[in-house]
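These notes concern the structure reproduced below.
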Amino acid sequence: GGGVDDDDSKDDPAMTTTMMLKGKEMTYMLIATDISRTFPIFSFFQRECPMHNELLMILQTYCFFQPHLGYVQGMSYLAGHLLFYLDVYTTFEVFCNLLAKPFLRAFLSLNGESPEMLERYRLYEMMLKDNLPALSVHLNNEGISPDMYFLEWSLTLFCKRLELEAVGRVWDMFFVLGEIVIYKTAVAIMSLLKQKLLEAPFGKVLKLLATEPQTLEIKQLFGTLSRVRVSSAVRRKLDVLIKNSQDVANGFVIRPDEDHKQVKINGHGA
């Protein structure tokens, strides 16, 4: 009474902050834990190393730049890989545009019912069946579906499972030729592991797919990749999928001195 406002939330900074959030910004709290586990065979992103803070800043900034998506596990590998080659601000810019690509947007949604994700699983399975029919049958018989391994390969663009040099070459091809490179790379890996996989039951298949790709010889991998067949049916299906996805992705692309004038990172305004 007496004109006193009973709504204490107005004076509660935490409550006010929460009310201002538009989406999944709070996922930024997952980032610090993930960074130390990013490219663990190197020490670049351990807590005491300078690149740890740079990667942390990039990922946290993205959370608030794109709150509808926030942070998704796997992003640290994508940004970390870019940070090997680029300065912090350029990494952020390229990272934002990379995540705007329809292929990555489909998988980062983590929506198992998403048509965009399901169609891409089907494309991969079509190519696997076209190139490795016996292995395709074996995986189906063992109950191995793409979400058990191809999802991780896609979310990280192979950063977790291939040697760094191989990852760099896959990314070069991906930027030039598009997402068909991801399917071809996956099929090439499966082709080189075919004999081991055909002899393995469910549990061992998953273990092989988690440990063996990084042992593959780079020249052999890309030689096999170049021989992966892409049928006209797959190409038509992919063309339609990309065309339908393009309009969605276009709204998230940032360009120098244009769409992201308010974005600041490491003290630099765009």
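If you're wondering about the labels, chains in the structure tokens are A, B, ... by order shown, residues count from 1 in each chain, ligands from 1 in order shown.
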
- Message: Which residues are close to stretch 168-177 of chain A, i.e. within 10 Å by only C-alpha atoms, leaving aside same-chain residues fewer than 4 positions away? Reply as JSON, numbers by chain.
- Response: {"A": [81, 82, 98, 157, 158, 159, 162, 163, 164, 181, 182, 184, 185, 218, 222]}

Contacts between stretch 103-117 of chain A and stretch 32-98 of chain A, please, where a residue of stretch 32-98 of chain A counts if it comes within 12 Å (with only C-alpha atoms); show its shortest atom pair and distance in Å to one decimal, rows by chain and ascending number, as CSV.
```
residue,atom,partner,partner_atom,distance
A:Gln66,CA,A:Arg105,CA,11.9
A:His68,CA,A:Ser109,CA,9.8
A:Leu69,CA,A:Ser109,CA,7.4
A:Gly70,CA,A:Leu108,CA,9.8
A:Tyr71,CA,A:Leu108,CA,9.2
A:Val72,CA,A:Leu108,CA,6.7
A:Gln73,CA,A:Leu108,CA,8.7
A:Gly74,CA,A:Leu108,CA,8.7
A:Met75,CA,A:Leu108,CA,8.8
A:Leu78,CA,A:Leu104,CA,10.6
A:Phe95,CA,A:Leu104,CA,11.1
A:Cys96,CA,A:Arg105,CA,11.0
A:Asn97,CA,A:Leu104,CA,10.3
A:Leu98,CA,A:Leu104,CA,7.6
```

Selection file, N, CA and C atoms, as a PDB file, in the first residue's frame:
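Contents of result-v9.pdb, as written:
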```
ATOM      1  N   GLN A  66      23.668 -13.794 -32.312  1.00  0.00           N
ATOM      2  CA  GLN A  66      22.638 -14.655 -32.893  1.00  0.00           C
ATOM      3  C   GLN A  66      21.934 -15.415 -31.753  1.00  0.00           C
ATOM      4  N   HIS A  68      18.991 -16.466 -31.283  1.00  0.00           N
ATOM      5  CA  HIS A  68      18.043 -17.525 -31.652  1.00  0.00           C
ATOM      6  C   HIS A  68      18.744 -18.880 -31.717  1.00  0.00           C
ATOM      7  N   LEU A  69      20.076 -18.862 -31.919  1.00  0.00           N
ATOM      8  CA  LEU A  69      20.852 -20.101 -32.025  1.00  0.00           C
ATOM      9  C   LEU A  69      21.689 -20.330 -30.774  1.00  0.00           C
ATOM     10  N   GLY A  70      22.313 -19.256 -30.269  1.00  0.00           N
ATOM     11  CA  GLY A  70      23.167 -19.394 -29.098  1.00  0.00           C
ATOM     12  C   GLY A  70      24.402 -20.228 -29.397  1.00  0.00           C
ATOM     13  N   TYR A  71      24.902 -20.915 -28.360  1.00  0.00           N
ATOM     14  CA  TYR A  71      26.073 -21.772 -28.537  1.00  0.00           C
ATOM     15  C   TYR A  71      25.638 -23.223 -28.643  1.00  0.00           C
ATOM     16  N   VAL A  72      26.211 -23.918 -29.612  1.00  0.00           N
ATOM     17  CA  VAL A  72      25.947 -25.346 -29.808  1.00  0.00           C
ATOM     18  C   VAL A  72      27.288 -26.064 -29.775  1.00  0.00           C
ATOM     19  N   GLN A  73      27.358 -27.188 -29.060  1.00  0.00           N
ATOM     20  CA  GLN A  73      28.607 -27.936 -28.997  1.00  0.00           C
ATOM     21  C   GLN A  73      29.069 -28.302 -30.409  1.00  0.00           C
ATOM     22  N   GLY A  74      30.340 -28.068 -30.674  1.00  0.00           N
ATOM     23  CA  GLY A  74      30.886 -28.245 -32.017  1.00  0.00           C
ATOM     24  C   GLY A  74      31.341 -26.918 -32.589  1.00  0.00           C
ATOM     25  N   MET A  75      30.663 -25.836 -32.178  1.00  0.00           N
ATOM     26  CA  MET A  75      31.045 -24.505 -32.665  1.00  0.00           C
ATOM     27  C   MET A  75      32.481 -24.149 -32.289  1.00  0.00           C
ATOM     28  N   LEU A  78      34.833 -25.238 -34.961  1.00  0.00           N
ATOM     29  CA  LEU A  78      34.744 -24.433 -36.180  1.00  0.00           C
ATOM     30  C   LEU A  78      35.489 -23.107 -36.010  1.00  0.00           C
ATOM     31  N   PHE A  95      33.408 -16.844 -39.241  1.00  0.00           N
ATOM     32  CA  PHE A  95      32.637 -17.789 -38.438  1.00  0.00           C
ATOM     33  C   PHE A  95      31.133 -17.523 -38.578  1.00  0.00           C
ATOM     34  N   CYS A  96      30.732 -16.265 -38.485  1.00  0.00           N
ATOM     35  CA  CYS A  96      29.313 -15.904 -38.636  1.00  0.00           C
ATOM     36  C   CYS A  96      28.786 -16.303 -40.009  1.00  0.00           C
ATOM     37  N   ASN A  97      29.560 -16.034 -41.031  1.00  0.00           N
ATOM     38  CA  ASN A  97      29.124 -16.365 -42.387  1.00  0.00           C
ATOM     39  C   ASN A  97      29.144 -17.866 -42.642  1.00  0.00           C
ATOM     40  N   LEU A  98      30.089 -18.557 -42.024  1.00  0.00           N
ATOM     41  CA  LEU A  98      30.140 -20.014 -42.150  1.00  0.00           C
ATOM     42  C   LEU A  98      28.880 -20.637 -41.547  1.00  0.00           C
TER      43      LEU A  98
END
```

- Message: For a test of reading the model, state the distance in Å between atom CA of A:Thr91 and atom CA of A:Thr156, rounded to one decimal.
- Response: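 Value for the atom CA of A:Thr91-atom CA of A:Thr156 distance: 15.6 Å.
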
- Message: Which of stretch 118-196 of chain A end up as helix (DSSP H, G or I) when DSSP is run on this backbone - answer as a count of residues only?
- Response: 63

Test item: residues at most 12 Å from A:Ile189, only C-alpha atoms, excluding those fewer than 5 positions along its chain, as a short mmCIF file (atom, residue, chain, number, x, y, z; two decimals) with N, CA, C and O atoms, in the first residue's frame:
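Contents of part.cif, as written:
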```
data_model
loop_
_atom_site.label_atom_id
_atom_site.label_comp_id
_atom_site.auth_asym_id
_atom_site.auth_seq_id
_atom_site.Cartn_x
_atom_site.Cartn_y
_atom_site.Cartn_z
N LEU A 128 26.09 -43.16 -50.02
CA LEU A 128 26.73 -44.34 -49.41
C LEU A 128 26.25 -45.62 -50.11
O LEU A 128 27.05 -46.49 -50.45
N ASN A 131 27.73 -45.93 -53.69
CA ASN A 131 29.17 -46.21 -53.76
C ASN A 131 29.60 -47.45 -52.98
O ASN A 131 30.55 -48.13 -53.38
N LEU A 132 28.90 -47.74 -51.87
CA LEU A 132 29.29 -48.85 -51.00
C LEU A 132 28.04 -49.63 -50.58
O LEU A 132 27.66 -49.63 -49.40
N TYR A 149 26.98 -40.71 -36.21
CA TYR A 149 28.36 -40.34 -36.55
C TYR A 149 28.43 -39.20 -37.57
O TYR A 149 29.24 -38.28 -37.43
N PHE A 150 27.56 -39.23 -38.59
CA PHE A 150 27.61 -38.20 -39.62
C PHE A 150 27.21 -36.84 -39.06
O PHE A 150 27.69 -35.80 -39.53
N TRP A 153 30.37 -35.35 -37.61
CA TRP A 153 31.26 -34.97 -38.71
C TRP A 153 30.79 -33.67 -39.34
O TRP A 153 31.60 -32.81 -39.70
N PHE A 158 34.39 -32.14 -39.77
CA PHE A 158 35.44 -33.14 -39.63
C PHE A 158 36.59 -32.73 -38.70
O PHE A 158 37.58 -33.46 -38.60
N ARG A 161 37.68 -35.44 -36.18
CA ARG A 161 37.99 -36.81 -36.60
C ARG A 161 39.05 -36.95 -37.69
O ARG A 161 39.47 -38.06 -37.97
N LEU A 162 39.49 -35.86 -38.30
CA LEU A 162 40.54 -35.95 -39.31
C LEU A 162 41.76 -35.17 -38.86
O LEU A 162 41.67 -34.28 -38.01
N ALA A 166 44.28 -32.47 -43.29
CA ALA A 166 43.15 -32.98 -44.07
C ALA A 166 41.92 -32.09 -43.89
O ALA A 166 41.20 -31.81 -44.85
N ILE A 182 31.17 -32.43 -48.32
CA ILE A 182 31.01 -33.09 -47.02
C ILE A 182 30.53 -34.53 -47.23
O ILE A 182 31.06 -35.46 -46.61
N TYR A 183 29.55 -34.72 -48.11
CA TYR A 183 29.05 -36.07 -48.37
C TYR A 183 30.14 -36.94 -49.01
O TYR A 183 30.31 -38.10 -48.64
N LYS A 184 30.88 -36.35 -49.95
CA LYS A 184 31.94 -37.11 -50.62
C LYS A 184 33.05 -37.49 -49.65
O LYS A 184 33.59 -38.60 -49.71
N LYS A 194 36.06 -49.55 -44.99
CA LYS A 194 35.02 -50.53 -45.35
C LYS A 194 35.29 -51.92 -44.80
O LYS A 194 34.40 -52.53 -44.19
N GLN A 195 36.47 -52.44 -45.01
CA GLN A 195 36.74 -53.83 -44.61
C GLN A 195 36.59 -54.03 -43.11
O GLN A 195 35.99 -54.99 -42.65
N LYS A 196 37.13 -53.09 -42.34
CA LYS A 196 37.01 -53.18 -40.88
C LYS A 196 35.56 -53.06 -40.44
O LYS A 196 35.11 -53.77 -39.54
N LEU A 197 34.83 -52.15 -41.09
CA LEU A 197 33.44 -51.90 -40.70
C LEU A 197 32.54 -53.10 -41.02
O LEU A 197 31.64 -53.43 -40.24
N LEU A 208 35.14 -47.60 -34.20
CA LEU A 208 35.99 -47.41 -35.38
C LEU A 208 35.77 -46.04 -36.02
O LEU A 208 36.71 -45.35 -36.42
N LEU A 209 34.50 -45.62 -36.11
CA LEU A 209 34.18 -44.34 -36.75
C LEU A 209 34.65 -43.16 -35.91
O LEU A 209 34.83 -42.06 -36.43
N ALA A 210 34.85 -43.39 -34.60
CA ALA A 210 35.32 -42.33 -33.72
C ALA A 210 36.84 -42.24 -33.67
O ALA A 210 37.40 -41.19 -33.37
N THR A 211 37.53 -43.35 -33.99
CA THR A 211 38.99 -43.38 -33.79
C THR A 211 39.81 -43.53 -35.07
O THR A 211 40.95 -43.06 -35.14
N GLU A 212 39.26 -44.19 -36.08
CA GLU A 212 40.05 -44.53 -37.26
C GLU A 212 40.25 -43.41 -38.29
O GLU A 212 41.29 -43.36 -38.95
N PRO A 213 39.27 -42.50 -38.50
CA PRO A 213 39.45 -41.49 -39.55
C PRO A 213 40.73 -40.68 -39.43
O PRO A 213 41.38 -40.38 -40.44
N GLN A 214 41.15 -40.35 -38.19
CA GLN A 214 42.36 -39.53 -38.04
C GLN A 214 43.64 -40.28 -38.37
O GLN A 214 44.70 -39.67 -38.49
N THR A 215 43.54 -41.61 -38.56
CA THR A 215 44.73 -42.39 -38.92
C THR A 215 44.89 -42.51 -40.44
O THR A 215 45.88 -43.04 -40.92
N LEU A 216 43.90 -42.03 -41.18
CA LEU A 216 43.93 -42.20 -42.64
C LEU A 216 45.02 -41.35 -43.28
O LEU A 216 45.24 -40.20 -42.90
N GLU A 217 45.68 -41.91 -44.27
CA GLU A 217 46.73 -41.20 -45.00
C GLU A 217 46.07 -40.17 -45.93
O GLU A 217 45.13 -40.50 -46.66
N ILE A 218 46.56 -38.94 -45.87
CA ILE A 218 45.89 -37.83 -46.56
C ILE A 218 45.80 -38.05 -48.07
O ILE A 218 44.75 -37.83 -48.68
N GLN A 220 45.78 -40.78 -49.74
CA GLN A 220 44.82 -41.86 -50.00
C GLN A 220 43.38 -41.36 -49.82
O GLN A 220 42.49 -41.69 -50.61
N LEU A 221 43.17 -40.56 -48.79
CA LEU A 221 41.83 -40.03 -48.52
C LEU A 221 41.33 -39.20 -49.69
O LEU A 221 40.20 -39.39 -50.17
N PHE A 222 42.15 -38.28 -50.17
CA PHE A 222 41.69 -37.38 -51.23
C PHE A 222 41.67 -38.07 -52.60
O PHE A 222 40.90 -37.68 -53.48
N GLY A 223 42.50 -39.09 -52.77
CA GLY A 223 42.40 -39.89 -53.98
C GLY A 223 41.09 -40.64 -54.03
O GLY A 223 40.40 -40.69 -55.06
N THR A 224 40.69 -41.20 -52.88
CA THR A 224 39.41 -41.91 -52.78
C THR A 224 38.25 -40.95 -52.96
O THR A 224 37.27 -41.24 -53.64
N LEU A 225 38.36 -39.77 -52.34
CA LEU A 225 37.31 -38.75 -52.44
C LEU A 225 37.05 -38.38 -53.91
O LEU A 225 35.90 -38.22 -54.33
N SER A 226 38.12 -38.26 -54.68
CA SER A 226 37.97 -37.86 -56.08
C SER A 226 37.25 -38.92 -56.91
O SER A 226 36.73 -38.62 -58.00
N VAL A 228 34.67 -40.80 -55.66
CA VAL A 228 33.30 -41.00 -55.15
C VAL A 228 32.30 -40.55 -56.22
O VAL A 228 32.39 -39.43 -56.73
#
```

Stretch 68-156 of chain A near stretch 46-58 of chain A within 8 Å: what's each residue's closest atom pair and its distance in Å to one decimal, counting only C-alpha atoms, ordered by chain then ascending residue number, as a Markdown table?
```
| residue | atom | partner | partner_atom | distance |
| --- | --- | --- | --- | --- |
| A:Ser76 | CA | A:Leu55 | CA | 7.4 |
| A:Ala79 | CA | A:Leu55 | CA | 7.0 |
| A:Gly80 | CA | A:Leu55 | CA | 6.4 |
| A:Leu83 | CA | A:Leu55 | CA | 7.6 |
| A:Val88 | CA | A:Glu54 | CA | 6.6 |
| A:Thr91 | CA | A:Ile58 | CA | 7.9 |
| A:Phe92 | CA | A:Ile58 | CA | 5.9 |
```

Could you dump the residues just selected with C-alpha atoms as an mmCIF file, in the first residue's frame?
```
data_model
loop_
_atom_site.group_PDB
_atom_site.id
_atom_site.type_symbol
_atom_site.label_atom_id
_atom_site.label_comp_id
_atom_site.auth_asym_id
_atom_site.auth_seq_id
_atom_site.Cartn_x
_atom_site.Cartn_y
_atom_site.Cartn_z
ATOM 1 C CA SER A 76 34.296 -24.280 -30.687
ATOM 2 C CA ALA A 79 35.857 -21.119 -34.654
ATOM 3 C CA GLY A 80 39.070 -22.656 -33.299
ATOM 4 C CA LEU A 83 41.586 -18.960 -35.445
ATOM 5 C CA VAL A 88 40.268 -12.516 -33.973
ATOM 6 C CA THR A 91 37.684 -15.157 -37.473
ATOM 7 C CA PHE A 92 34.446 -13.818 -36.001
#
```

Residue neighbourhood A:Glu199, 12 Å, only C-alpha atoms, exclusion window fewer than 4 positions, as a short mmCIF file (atom, residue, chain, number, x, y, z; two decimals) with N, CA, C and O atoms, in the first residue's frame:
```
data_model
loop_
_atom_site.label_atom_id
_atom_site.label_comp_id
_atom_site.auth_asym_id
_atom_site.auth_seq_id
_atom_site.Cartn_x
_atom_site.Cartn_y
_atom_site.Cartn_z
N ALA A 134 27.24 -52.81 -50.10
CA ALA A 134 27.36 -53.86 -49.06
C ALA A 134 27.50 -53.23 -47.67
O ALA A 134 26.90 -53.69 -46.69
N LEU A 135 28.28 -52.16 -47.58
CA LEU A 135 28.47 -51.49 -46.29
C LEU A 135 27.17 -50.81 -45.84
O LEU A 135 26.82 -50.82 -44.66
N HIS A 138 25.04 -53.45 -44.35
CA HIS A 138 25.58 -53.87 -43.05
C HIS A 138 25.23 -52.86 -41.96
O HIS A 138 24.80 -53.25 -40.85
N LEU A 139 25.39 -51.57 -42.25
CA LEU A 139 25.08 -50.54 -41.26
C LEU A 139 23.60 -50.55 -40.90
O LEU A 139 23.23 -50.42 -39.72
N GLU A 142 22.87 -53.43 -38.64
CA GLU A 142 23.39 -53.24 -37.28
C GLU A 142 22.69 -52.10 -36.55
O GLU A 142 22.97 -51.83 -35.38
N LEU A 193 37.58 -47.37 -44.69
CA LEU A 193 37.38 -48.20 -43.49
C LEU A 193 36.46 -49.39 -43.75
O LEU A 193 36.13 -50.14 -42.82
N LYS A 194 36.06 -49.55 -44.99
CA LYS A 194 35.02 -50.53 -45.35
C LYS A 194 35.29 -51.92 -44.80
O LYS A 194 34.40 -52.53 -44.19
N GLN A 195 36.47 -52.44 -45.01
CA GLN A 195 36.74 -53.83 -44.61
C GLN A 195 36.59 -54.03 -43.11
O GLN A 195 35.99 -54.99 -42.65
N GLY A 203 28.66 -51.96 -31.67
CA GLY A 203 29.54 -51.19 -30.78
C GLY A 203 30.90 -50.90 -31.39
O GLY A 203 31.43 -49.80 -31.26
N LYS A 204 31.45 -51.89 -32.07
CA LYS A 204 32.78 -51.71 -32.66
C LYS A 204 32.73 -50.76 -33.86
O LYS A 204 33.68 -50.03 -34.11
N VAL A 205 31.62 -50.78 -34.61
CA VAL A 205 31.46 -49.85 -35.73
C VAL A 205 31.58 -48.42 -35.22
O VAL A 205 32.33 -47.60 -35.78
N LEU A 208 35.14 -47.60 -34.20
CA LEU A 208 35.99 -47.41 -35.38
C LEU A 208 35.77 -46.04 -36.02
O LEU A 208 36.71 -45.35 -36.42
#
```

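Residue nearest A:Lys237, chosen from A:Arg122, A:Lys219, A:Lys129, A:Lys101 and counting only C-alpha atoms: A:Arg122.
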